[in-house]
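Student: Just entry_28.txt, nothing more (compact mmCIF, C-alpha atoms and all ligand atoms):
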# COMPACT_ATOMS: atom_id res chain seq x y z
CA MET A 900 20.20 24.06 7.28
CA ASP A 901 18.97 25.85 10.43
CA ALA A 902 17.90 24.06 13.58
CA ALA A 903 14.18 24.76 13.09
CA SER A 904 14.02 23.20 9.63
CA ARG A 905 15.82 20.13 10.95
CA LYS A 906 12.91 19.19 13.22
CA LEU A 907 11.57 16.41 11.06
CA GLU A 908 8.55 14.33 11.94
CA PHE A 909 9.73 10.79 11.58
CA ILE A 910 13.43 10.60 12.37
CA SER A 911 15.44 11.66 15.34
CA GLU A 912 17.87 14.56 15.22
CA ASP A 913 20.99 12.43 15.47
CA VAL A 914 19.86 10.53 12.39
CA VAL A 915 19.23 13.85 10.62
CA ASP A 916 22.83 14.89 11.36
CA TYR A 917 24.10 11.63 9.86
CA ALA A 918 21.76 11.71 6.86
CA LEU A 919 22.86 15.23 5.99
CA GLN A 920 26.27 13.81 5.09
CA ILE A 921 24.79 11.28 2.62
CA ILE A 922 24.42 12.89 -0.79
CA LEU A 923 22.19 11.43 -3.52
CA ASP A 924 24.19 10.95 -6.68
CA GLU A 925 22.86 8.40 -9.15
CA ILE A 926 19.75 6.48 -10.06
CA THR A 927 19.17 3.30 -12.04
CA ILE A 928 15.69 2.59 -13.34
CA GLU A 929 14.66 -0.72 -14.89
CA THR A 930 11.36 -2.38 -15.67
CA ALA A 931 10.19 -5.96 -15.13
CA THR A 932 6.95 -7.82 -15.67
CA PRO A 933 7.01 -11.00 -13.58
CA LYS A 934 3.96 -13.22 -13.86
CA LEU A 935 1.55 -13.11 -10.95
CA PRO A 936 1.63 -16.48 -9.17
CA SER A 937 -2.16 -16.48 -9.83
CA PRO A 938 -3.92 -14.08 -12.23
CA LEU A 939 -6.32 -11.66 -10.56
CA GLN A 940 -9.76 -10.84 -11.93
CA THR A 941 -11.27 -7.75 -10.27
CA ALA A 942 -14.43 -5.77 -10.99
CA SER A 943 -12.24 -3.23 -12.78
CA GLY A 944 -9.93 -5.43 -14.84
CA LEU A 945 -7.75 -8.56 -15.15
CA LEU A 946 -4.13 -8.65 -13.96
CA GLU A 947 -1.85 -11.45 -15.17
CA THR A 948 1.55 -9.86 -14.62
CA ALA A 949 2.98 -7.43 -12.13
CA SER A 950 4.30 -4.53 -14.20
CA LEU A 951 7.11 -3.12 -12.09
CA VAL A 952 9.57 -0.25 -12.24
CA LEU A 953 12.70 -1.13 -10.23
CA ILE A 954 14.62 1.78 -8.76
CA SER A 955 18.10 1.92 -7.23
CA VAL A 956 19.48 5.20 -5.89
CA ARG A 957 23.12 5.56 -4.95
CA SER A 958 24.85 8.03 -2.70
CA ARG A 959 28.23 9.62 -3.47
CA CYS A 960 29.82 7.22 -1.00
CA GLY A 961 28.27 4.25 -2.84
CA ILE A 962 25.40 3.28 -0.50
CA GLU A 963 22.36 1.98 -2.39
CA GLY A 964 18.68 2.14 -1.66
CA HIS A 965 15.95 0.31 -3.55
CA SER A 966 12.28 0.63 -4.23
CA TYR A 967 9.76 -0.40 -6.84
CA LEU A 968 6.50 0.84 -8.27
CA PHE A 969 3.64 -1.30 -9.48
CA SER A 970 1.70 -0.20 -12.54
CA PRO A 971 -1.68 -1.75 -13.36
CA ASN A 972 -0.85 -0.95 -17.00
CA GLU A 973 2.34 -2.34 -18.57
CA ALA A 974 2.35 0.14 -21.46
CA LEU A 975 2.78 3.01 -18.98
CA LEU A 976 6.04 1.64 -17.51
CA PRO A 977 8.28 3.82 -19.77
CA ALA A 978 6.31 6.96 -18.81
CA ILE A 979 6.67 6.15 -15.12
CA ALA A 980 10.40 5.45 -15.54
CA GLN A 981 10.86 8.76 -17.39
CA SER A 982 9.00 10.66 -14.66
CA ILE A 983 11.26 9.17 -11.98
CA SER A 984 14.32 10.11 -13.97
CA VAL A 985 13.14 13.73 -14.37
CA ALA A 986 12.20 14.00 -10.67
CA PHE A 987 15.55 12.57 -9.55
CA GLU A 988 17.42 15.38 -11.31
CA GLU A 989 15.79 17.75 -8.78
CA VAL A 990 17.14 15.89 -5.74
CA LYS A 991 20.51 14.80 -7.15
CA GLY A 992 23.24 16.41 -5.06
CA ARG A 993 20.94 16.89 -2.07
CA SER A 994 21.26 14.97 1.18
CA CYS A 995 19.15 11.85 1.45
CA LEU A 996 16.49 13.12 3.87
CA PRO A 997 13.26 11.74 2.43
CA GLU A 998 10.96 14.15 4.25
CA LEU A 999 12.82 17.21 2.94
CA ASN A 1000 13.21 15.81 -0.56
CA THR A 1001 9.56 14.89 -0.90
CA ASP A 1002 8.55 18.42 0.10
CA HIS A 1003 11.18 19.82 -2.28
CA LEU A 1004 9.77 17.78 -5.19
CA LEU A 1005 6.17 18.79 -4.44
CA LYS A 1006 7.27 22.43 -4.50
CA LYS A 1007 9.41 22.11 -7.64
CA PHE A 1008 6.61 20.49 -9.65
CA LYS A 1009 3.76 22.61 -8.30
CA LEU A 1010 2.92 24.02 -11.72
CA PHE A 1011 2.59 20.53 -13.15
CA GLY A 1012 0.33 19.38 -10.32
CA GLY A 1013 0.97 16.55 -7.98
CA THR A 1014 -1.18 13.53 -8.70
CA GLY A 1015 -0.82 10.49 -10.91
CA ILE A 1016 2.41 9.18 -12.37
CA LEU A 1017 4.45 12.12 -11.09
CA THR A 1018 3.35 11.52 -7.50
CA MET A 1019 4.33 7.87 -7.90
CA ALA A 1020 7.73 9.03 -9.19
CA PHE A 1021 8.22 11.10 -6.03
CA ALA A 1022 7.16 8.03 -4.03
CA ALA A 1023 9.76 5.85 -5.74
CA ILE A 1024 12.55 8.27 -4.78
CA ASP A 1025 11.17 8.69 -1.25
CA MET A 1026 10.92 4.94 -0.63
CA ALA A 1027 14.38 4.24 -2.05
CA SER A 1028 15.80 7.04 0.11
CA TRP A 1029 14.28 5.56 3.27
CA ASP A 1030 15.80 2.21 2.29
CA LEU A 1031 19.18 3.86 1.66
CA LEU A 1032 19.03 5.52 5.06
CA GLY A 1033 18.38 2.15 6.71
CA VAL A 1034 21.30 0.58 4.89
CA ALA A 1035 23.54 3.52 5.85
CA LEU A 1036 22.55 3.21 9.50
CA LYS A 1037 22.68 -0.61 9.37
CA LYS A 1038 19.17 -0.90 10.78
CA PRO A 1039 15.81 -2.16 9.54
CA LEU A 1040 13.62 0.79 8.53
CA TYR A 1041 10.99 0.19 11.21
CA GLN A 1042 13.63 0.77 13.89
CA ILE A 1043 14.63 4.10 12.36
CA LEU A 1044 10.96 5.09 12.40
CA GLY A 1045 10.67 4.17 16.08
CA GLY A 1046 8.78 0.92 15.57
CA THR A 1047 9.39 -2.04 17.83
CA GLU A 1048 7.02 -4.68 16.47
CA LYS A 1049 8.39 -6.90 13.70
CA ILE A 1050 5.34 -9.16 13.46
CA LEU A 1051 2.37 -7.54 11.75
CA ALA A 1052 -1.22 -8.75 11.56
CA SER A 1053 -1.95 -9.47 7.91
CA TYR A 1054 -4.55 -10.84 5.56
CA GLU A 1055 -4.20 -12.76 2.32
CA SER A 1056 -4.97 -10.70 -0.75
CA SER A 1057 -3.13 -12.68 -3.41
CA GLY A 1058 -6.23 -13.96 -5.14
CA LEU A 1059 -9.85 -14.93 -4.57
CA SER A 1060 -10.61 -13.32 -7.92
CA ILE A 1061 -14.01 -12.95 -9.46
CA GLY A 1062 -14.60 -16.40 -10.91
CA HIS A 1063 -16.22 -19.78 -10.43
CA SER A 1064 -16.88 -20.63 -6.79
CA SER A 1065 -14.86 -23.87 -7.05
CA GLN A 1066 -11.73 -21.82 -7.98
CA VAL A 1067 -12.32 -19.36 -5.17
CA ILE A 1068 -12.75 -22.14 -2.63
CA ALA A 1069 -9.69 -24.05 -3.87
CA GLN A 1070 -7.52 -20.94 -3.44
CA ALA A 1071 -8.98 -20.12 -0.04
CA GLU A 1072 -8.09 -23.66 1.03
CA GLU A 1073 -4.49 -23.02 -0.06
CA PHE A 1074 -4.39 -19.89 2.10
CA LEU A 1075 -5.72 -21.86 5.05
CA LEU A 1076 -2.97 -24.45 4.63
CA ALA A 1077 -0.46 -21.67 5.39
CA GLY A 1078 -2.54 -20.73 8.43
CA ASN A 1079 -3.94 -17.64 6.75
CA SER A 1080 -7.61 -17.61 7.73
CA ARG A 1081 -8.08 -13.88 7.13
CA MET A 1082 -8.54 -13.16 3.42
CA LYS A 1083 -9.99 -10.73 0.89
CA VAL A 1084 -12.56 -11.75 -1.73
CA ARG A 1085 -12.98 -9.74 -4.93
CA LEU A 1086 -16.60 -8.93 -5.66
CA GLY A 1087 -18.42 -7.35 -8.59
CA TYR A 1088 -20.38 -10.37 -9.85
CA GLU A 1089 -23.42 -9.81 -12.01
CA THR A 1090 -25.83 -10.23 -9.11
CA VAL A 1091 -25.57 -9.76 -5.37
CA GLU A 1092 -27.12 -13.21 -4.96
CA GLN A 1093 -24.01 -14.71 -6.62
CA GLU A 1094 -21.83 -12.73 -4.20
CA ILE A 1095 -23.77 -13.88 -1.14
CA SER A 1096 -23.63 -17.45 -2.44
CA ILE A 1097 -19.80 -17.31 -2.84
CA LEU A 1098 -19.32 -15.84 0.64
CA THR A 1099 -21.67 -18.28 2.38
CA THR A 1100 -20.15 -21.23 0.51
CA LEU A 1101 -16.68 -20.14 1.65
CA ARG A 1102 -17.89 -20.05 5.25
CA ASN A 1103 -19.65 -23.40 4.94
CA GLU A 1104 -16.68 -25.12 3.29
CA LEU A 1105 -13.85 -23.62 5.36
CA GLY A 1106 -15.51 -23.13 8.71
CA ASN A 1107 -16.37 -20.15 10.82
CA GLN A 1108 -12.77 -19.43 11.75
CA ILE A 1109 -12.23 -17.61 8.45
CA GLU A 1110 -12.44 -13.83 8.47
CA LEU A 1111 -13.48 -12.29 5.18
CA MET A 1112 -13.17 -8.79 3.80
CA VAL A 1113 -14.48 -7.95 0.32
CA ASP A 1114 -13.28 -5.54 -2.38
CA TYR A 1115 -15.45 -4.15 -5.19
CA ASN A 1116 -12.54 -2.23 -6.75
CA GLN A 1117 -14.90 0.73 -7.41
CA GLY A 1118 -17.12 -1.55 -9.50
CA LEU A 1119 -20.63 -0.58 -8.32
CA SER A 1120 -22.94 2.25 -9.28
CA VAL A 1121 -24.16 4.34 -6.34
CA ASP A 1122 -27.60 2.65 -6.34
CA GLN A 1123 -26.05 -0.81 -6.56
CA ALA A 1124 -23.71 0.02 -3.67
CA PHE A 1125 -26.49 1.01 -1.27
CA GLU A 1126 -28.45 -2.10 -2.18
CA ARG A 1127 -25.57 -4.57 -2.07
CA CYS A 1128 -23.84 -3.22 1.05
CA SER A 1129 -27.06 -3.50 3.01
CA LEU A 1130 -27.58 -7.08 1.78
CA LEU A 1131 -24.00 -8.03 2.75
CA ASP A 1132 -24.49 -6.56 6.20
CA GLU A 1133 -25.61 -9.82 7.76
CA LEU A 1134 -22.48 -11.75 6.75
CA GLY A 1135 -20.09 -10.54 9.44
CA LEU A 1136 -17.48 -9.19 7.00
CA VAL A 1137 -14.36 -7.43 8.30
CA TRP A 1138 -14.93 -4.63 5.80
CA ILE A 1139 -16.38 -3.70 2.41
CA GLU A 1140 -13.70 -2.00 0.29
CA GLU A 1141 -14.17 0.63 -2.44
CA PRO A 1142 -17.74 -0.20 -3.42
CA ILE A 1143 -18.02 2.94 -5.58
CA ALA A 1144 -15.77 5.24 -7.62
CA ALA A 1145 -12.95 6.38 -5.35
CA ASP A 1146 -13.55 10.10 -5.79
CA LEU A 1147 -17.18 9.96 -4.60
CA LEU A 1148 -16.13 10.68 -1.03
CA GLU A 1149 -19.40 12.41 -0.02
CA VAL A 1150 -21.43 9.43 -1.24
CA ALA A 1151 -19.03 7.09 0.54
CA ALA A 1152 -19.73 9.01 3.74
CA ASP A 1153 -23.47 8.40 3.33
CA LEU A 1154 -22.80 4.73 2.60
CA THR A 1155 -20.65 4.50 5.72
CA ILE A 1156 -23.52 5.79 7.87
CA LYS A 1157 -26.07 3.45 6.31
CA THR A 1158 -23.94 0.28 6.30
CA LYS A 1159 -23.30 -1.68 9.49
CA THR A 1160 -20.21 -3.37 8.04
CA PRO A 1161 -17.15 -1.08 8.15
CA ILE A 1162 -16.36 0.65 4.85
CA GLN A 1163 -12.71 0.66 3.78
CA LEU A 1164 -11.04 2.99 1.27
CA GLY A 1165 -7.85 4.95 0.71
CA GLU A 1166 -5.81 3.24 -2.01
CA ASN A 1167 -6.78 5.98 -4.46
CA LEU A 1168 -5.98 8.96 -2.26
CA TRP A 1169 -3.06 10.92 -3.71
CA SER A 1170 -1.80 13.03 -0.80
CA PRO A 1171 -2.22 13.62 2.93
CA VAL A 1172 -4.48 16.54 1.94
CA GLU A 1173 -6.79 14.11 0.14
CA ALA A 1174 -6.59 11.75 3.11
CA GLN A 1175 -7.58 14.63 5.40
CA ARG A 1176 -10.55 15.40 3.17
CA ALA A 1177 -11.71 11.77 3.32
CA LEU A 1178 -11.33 11.86 7.10
CA ASP A 1179 -13.16 15.20 7.42
CA LEU A 1180 -16.06 13.82 5.39
CA HIS A 1181 -16.13 10.57 7.43
CA SER A 1182 -16.00 8.72 4.11
CA SER A 1183 -15.03 5.40 5.66
CA ASN A 1184 -14.55 3.57 8.93
CA TYR A 1185 -10.98 2.59 8.07
CA LEU A 1186 -8.24 3.97 5.83
CA MET A 1187 -5.76 2.11 3.62
CA PRO A 1188 -3.43 4.49 1.76
CA ASP A 1189 -1.24 3.05 -0.98
CA VAL A 1190 2.39 3.97 -0.28
CA ALA A 1191 3.07 4.76 -3.96
CA LYS A 1192 -0.10 6.66 -4.84
CA ILE A 1193 -0.11 8.72 -1.64
CA GLY A 1194 3.39 9.94 -2.57
CA GLY A 1195 5.82 7.69 -0.70
CA ALA A 1196 6.56 6.45 2.81
CA THR A 1197 6.77 10.03 4.12
CA GLN A 1198 3.32 10.95 2.84
CA TRP A 1199 1.92 7.58 3.99
CA LEU A 1200 3.17 8.20 7.52
CA ARG A 1201 1.74 11.72 7.49
CA SER A 1202 -1.64 10.37 6.38
CA ALA A 1203 -1.56 7.66 9.05
CA LYS A 1204 -0.93 10.34 11.66
CA LEU A 1205 -3.96 12.32 10.45
CA ALA A 1206 -6.07 9.17 10.74
CA ALA A 1207 -4.74 8.53 14.26
CA LYS A 1208 -6.03 11.94 15.35
CA ARG A 1209 -9.51 10.76 14.34
CA GLY A 1210 -9.11 7.35 15.94
CA ILE A 1211 -9.18 5.67 12.51
CA LYS A 1212 -7.25 2.44 12.01
CA VAL A 1213 -4.89 2.28 9.04
CA SER A 1214 -4.09 -0.69 6.84
CA SER A 1215 -1.60 -0.86 4.00
CA HIS A 1216 -2.32 -1.37 0.31
CA LEU A 1217 0.02 -3.69 -1.64
CA TYR A 1218 3.82 -3.12 -1.30
CA PRO A 1219 3.98 -5.52 1.68
CA GLU A 1220 7.76 -5.15 1.99
CA ILE A 1221 7.91 -1.46 2.92
CA SER A 1222 4.36 -1.34 4.30
CA ALA A 1223 5.32 -3.76 7.07
CA HIS A 1224 7.92 -1.27 8.34
CA LEU A 1225 5.46 1.62 8.15
CA LEU A 1226 2.69 -0.22 9.98
CA SER A 1227 5.17 -1.24 12.66
CA SER A 1228 5.88 2.40 13.40
CA ILE A 1229 2.34 3.78 13.79
CA GLU A 1230 0.00 3.64 16.78
CA ASN A 1231 -3.16 2.97 14.74
CA ALA A 1232 -2.00 0.00 12.66
CA HIS A 1233 -4.72 -2.35 11.49
CA TYR A 1234 -3.86 -4.98 8.86
CA LEU A 1235 -1.08 -5.45 6.36
CA GLU A 1236 -2.39 -6.41 2.92
CA TYR A 1237 -0.27 -9.34 1.82
CA ALA A 1238 -0.20 -10.04 -1.92
CA ASP A 1239 2.36 -12.35 -3.51
CA TRP A 1240 2.74 -10.23 -6.66
CA THR A 1241 6.47 -9.66 -6.22
CA LYS A 1242 7.22 -13.21 -5.09
CA LEU A 1243 8.70 -14.14 -8.50
CA GLN A 1244 10.73 -10.91 -8.69
CA PHE A 1245 12.58 -10.68 -5.38
CA ALA A 1246 14.57 -13.58 -3.96
CA GLY A 1247 13.91 -13.63 -0.24
CA HIS A 1248 10.31 -12.41 -0.63
CA ILE A 1249 8.62 -12.96 2.73
CA SER A 1250 5.21 -14.62 2.62
CA SER A 1251 2.53 -14.27 5.26
CA GLN A 1252 1.82 -17.19 7.57
CA ASN A 1253 -0.74 -17.64 10.32
CA ASN A 1254 -2.26 -14.22 9.53
CA GLN A 1255 1.07 -12.52 10.15
CA LEU A 1256 4.03 -11.15 8.25
CA CYS A 1257 7.36 -11.10 10.02
CA ILE A 1258 9.93 -8.46 9.07
CA ASP A 1259 13.42 -9.89 8.91
CA ASP A 1260 16.37 -7.99 10.33
CA ALA A 1261 17.84 -6.90 7.00
CA TRP A 1262 18.92 -3.28 6.81
CA GLY A 1263 16.50 -0.78 5.31
CA VAL A 1264 13.40 -2.25 3.74
CA GLY A 1265 15.09 -5.57 3.00
CA LEU A 1266 14.20 -5.95 -0.68
CA HIS A 1267 16.46 -8.95 -1.16
CA GLY A 1268 17.72 -9.94 -4.59
CA PHE A 1269 17.06 -6.63 -6.24
MG MG A 1301 -8.66 -2.55 -3.07
The structure given in the file should be rewritten as structure tokens.
Ligand SMILES: [Mg+2]
Tutor:
Amino acid sequence: MDAASRKLEFISEDVVDYALQIILDEITIETATPKLPSPLQTASGLLETASLVLISVRSRCGIEGHSYLFSPNEALLPAIAQSISVAFEEVKGRSCLPELNTDHLLKKFKLFGGTGILTMAFAAIDMASWDLLGVALKKPLYQILGGTEKILASYESSGLSIGHSSQVIAQAEEFLLAGNSRMKVRLGYETVEQEISILTTLRNELGNQIELMVDYNQGLSVDQAFERCSLLDELGLVWIEEPIAADLLEVAADLTIKTKTPIQLGENLWSPVEAQRALDLHSSNYLMPDVAKIGGATQWLRSAKLAAKRGIKVSSHLYPEISAHLLSSIENAHYLEYADWTKLQFAGHISSQNNQLCIDDAWGVGLHGF
């Protein structure tokens, strides 16, 4: 490799030299479907289990790196696993530099096209490679990425499903007991009056110290979105997330202009190019790429950098374990989305407390009990 091609964006040159010696050799792919601690009803479907693909990559010298992918559909787990296996064959025998390998995979599969399950497969290999690099260097990932902050501002996103107000309030009270007063409420009720009633009841019952963001999970028609967002505008929400179909970026831009409350989106962007398009169109006030759908930690960091150039704050979407490290390393970090979906899968899962998640000092990402 020549000197020019070794100038990578996110790791220093001495780390590059070291990583070049670590050769990817083997992969193990398993699936698991742990129950969610509490089922989640969104405007676009019910989730009762976390359907996971668990990935371990090994280097020739026996160092392991781990990652996982979440699938909203359990029946697709074998297809995701197969895609990872096929993609890994293309990086097997190469050094474990995630930035180079992600670009290599995008190039190799250009004819297939790079969105959907295949992009998530690239992400799985990318995330596991970053973890492996951390283990090899005996450092937490955020330190390799130049981050210094191990305590991240977070919000609770484990529940507050669409449902009866008494259930929503009972769960919000549980969050408050752990000191988590910042939380996300799923919307998409039949009427906006029901939604306003839930949100005002939460405020009345739990006090004004709670900070609420809401998520429609793409559940509204365009007309409904303009009507409902304007009616929610007086409630002092942190943001309104994905009110309409994720690919309607031009409409989202119009909605962003006409709504006082910040609009949030990004979990359904599939590459930094798509993130750039959303930014160019001013489709939202904030951005929250999903580390798997955007194509891995490398692509997430690239997207966050694009947002920083526009002064846009970036939050994470799910995957709290690796997302904490990524947020720690960027200048425009906003909030970490904390969801407890992997709590029953990984021993040593770290929960959020007092609106914060604290990274421990484990090497790599720190996915304990894999
Ligand atoms: Mg969302």
Student: Report as a Markdown table the residues of region 946-1051 of chain A within 8 Å of region 1256-1267 of chain A, each with its shortest atom pair and distance in Å (one decimal), using all atoms listed in the file, ordered by chain and increasing residue number.
Tutor:
| residue | atom | partner | partner_atom | distance |
| --- | --- | --- | --- | --- |
| A:Gly964 | CA | A:Gly1263 | CA | 7.9 |
| A:His965 | CA | A:Leu1266 | CA | 7.1 |
| A:Ser966 | CA | A:Leu1266 | CA | 7.7 |
| A:Trp1029 | CA | A:Gly1263 | CA | 7.0 |
| A:Asp1030 | CA | A:Gly1263 | CA | 4.3 |
| A:Leu1031 | CA | A:Gly1263 | CA | 6.5 |
| A:Leu1032 | CA | A:Gly1263 | CA | 6.8 |
| A:Gly1033 | CA | A:Gly1263 | CA | 3.8 |
| A:Val1034 | CA | A:Trp1262 | CA | 4.9 |
| A:Leu1036 | CA | A:Trp1262 | CA | 7.9 |
| A:Lys1037 | CA | A:Trp1262 | CA | 5.3 |
| A:Lys1038 | CA | A:Trp1262 | CA | 4.6 |
| A:Pro1039 | CA | A:Trp1262 | CA | 4.3 |
| A:Leu1040 | CA | A:Gly1263 | CA | 4.6 |
| A:Lys1049 | CA | A:Ile1258 | CA | 5.1 |
| A:Ile1050 | CA | A:Cys1257 | CA | 4.4 |
| A:Leu1051 | CA | A:Leu1256 | CA | 5.3 |
Student: Residues within 8 Å of ligand MG 1301 (chain A) should be enumerated using only C-alpha atoms and all ligand atoms and returned as a VMD selection string.
Tutor: chain A and resid 1114 to 1116 1140 to 1141 1164 1166 1216
Student: Could you jot down the CA of Thr1197 (chain A) to CA of Ala1052 (chain A) separation for me, Å, one decimal place?
Tutor: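 So the two atoms, CA of Thr1197 (chain A) and CA of Ala1052 (chain A), lie 21.7 Å apart.
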Student: Neighbouring residues of Leu1217 (chain A) were defined as those with any atom within 9 Å, considering all atoms listed in the file; residues of the same chain fewer than 4 positions away were excluded. Please report them as a VMD selection string.
Tutor: chain A and resid 969 1056 1189 to 1190 1222 1235 to 1238 1240
Student: So which residues touch region 947-963 of chain A within 6 Å, counting all atoms listed in the file, skipping near sequence neighbours fewer than 3 positions away, as a PyMOL selection string?
Tutor: chain A and resi 922-935+938+966-970+973+1031
Student: Could you jot down the CA of Gln1163 (chain A) to CA of Tyr1041 (chain A) separation for me, Å, one decimal place?
Tutor: 24.8 Å
Student: Rank nothing, just name the residue among A:Glu1094, A:Glu1220, A:Glu1048, A:Glu912 nearest to His1063 (chain A), using all atoms listed in the file.
Tutor: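 Counting all atoms listed in the file, the residue closest to His1063 (chain A) is A:Glu1094.
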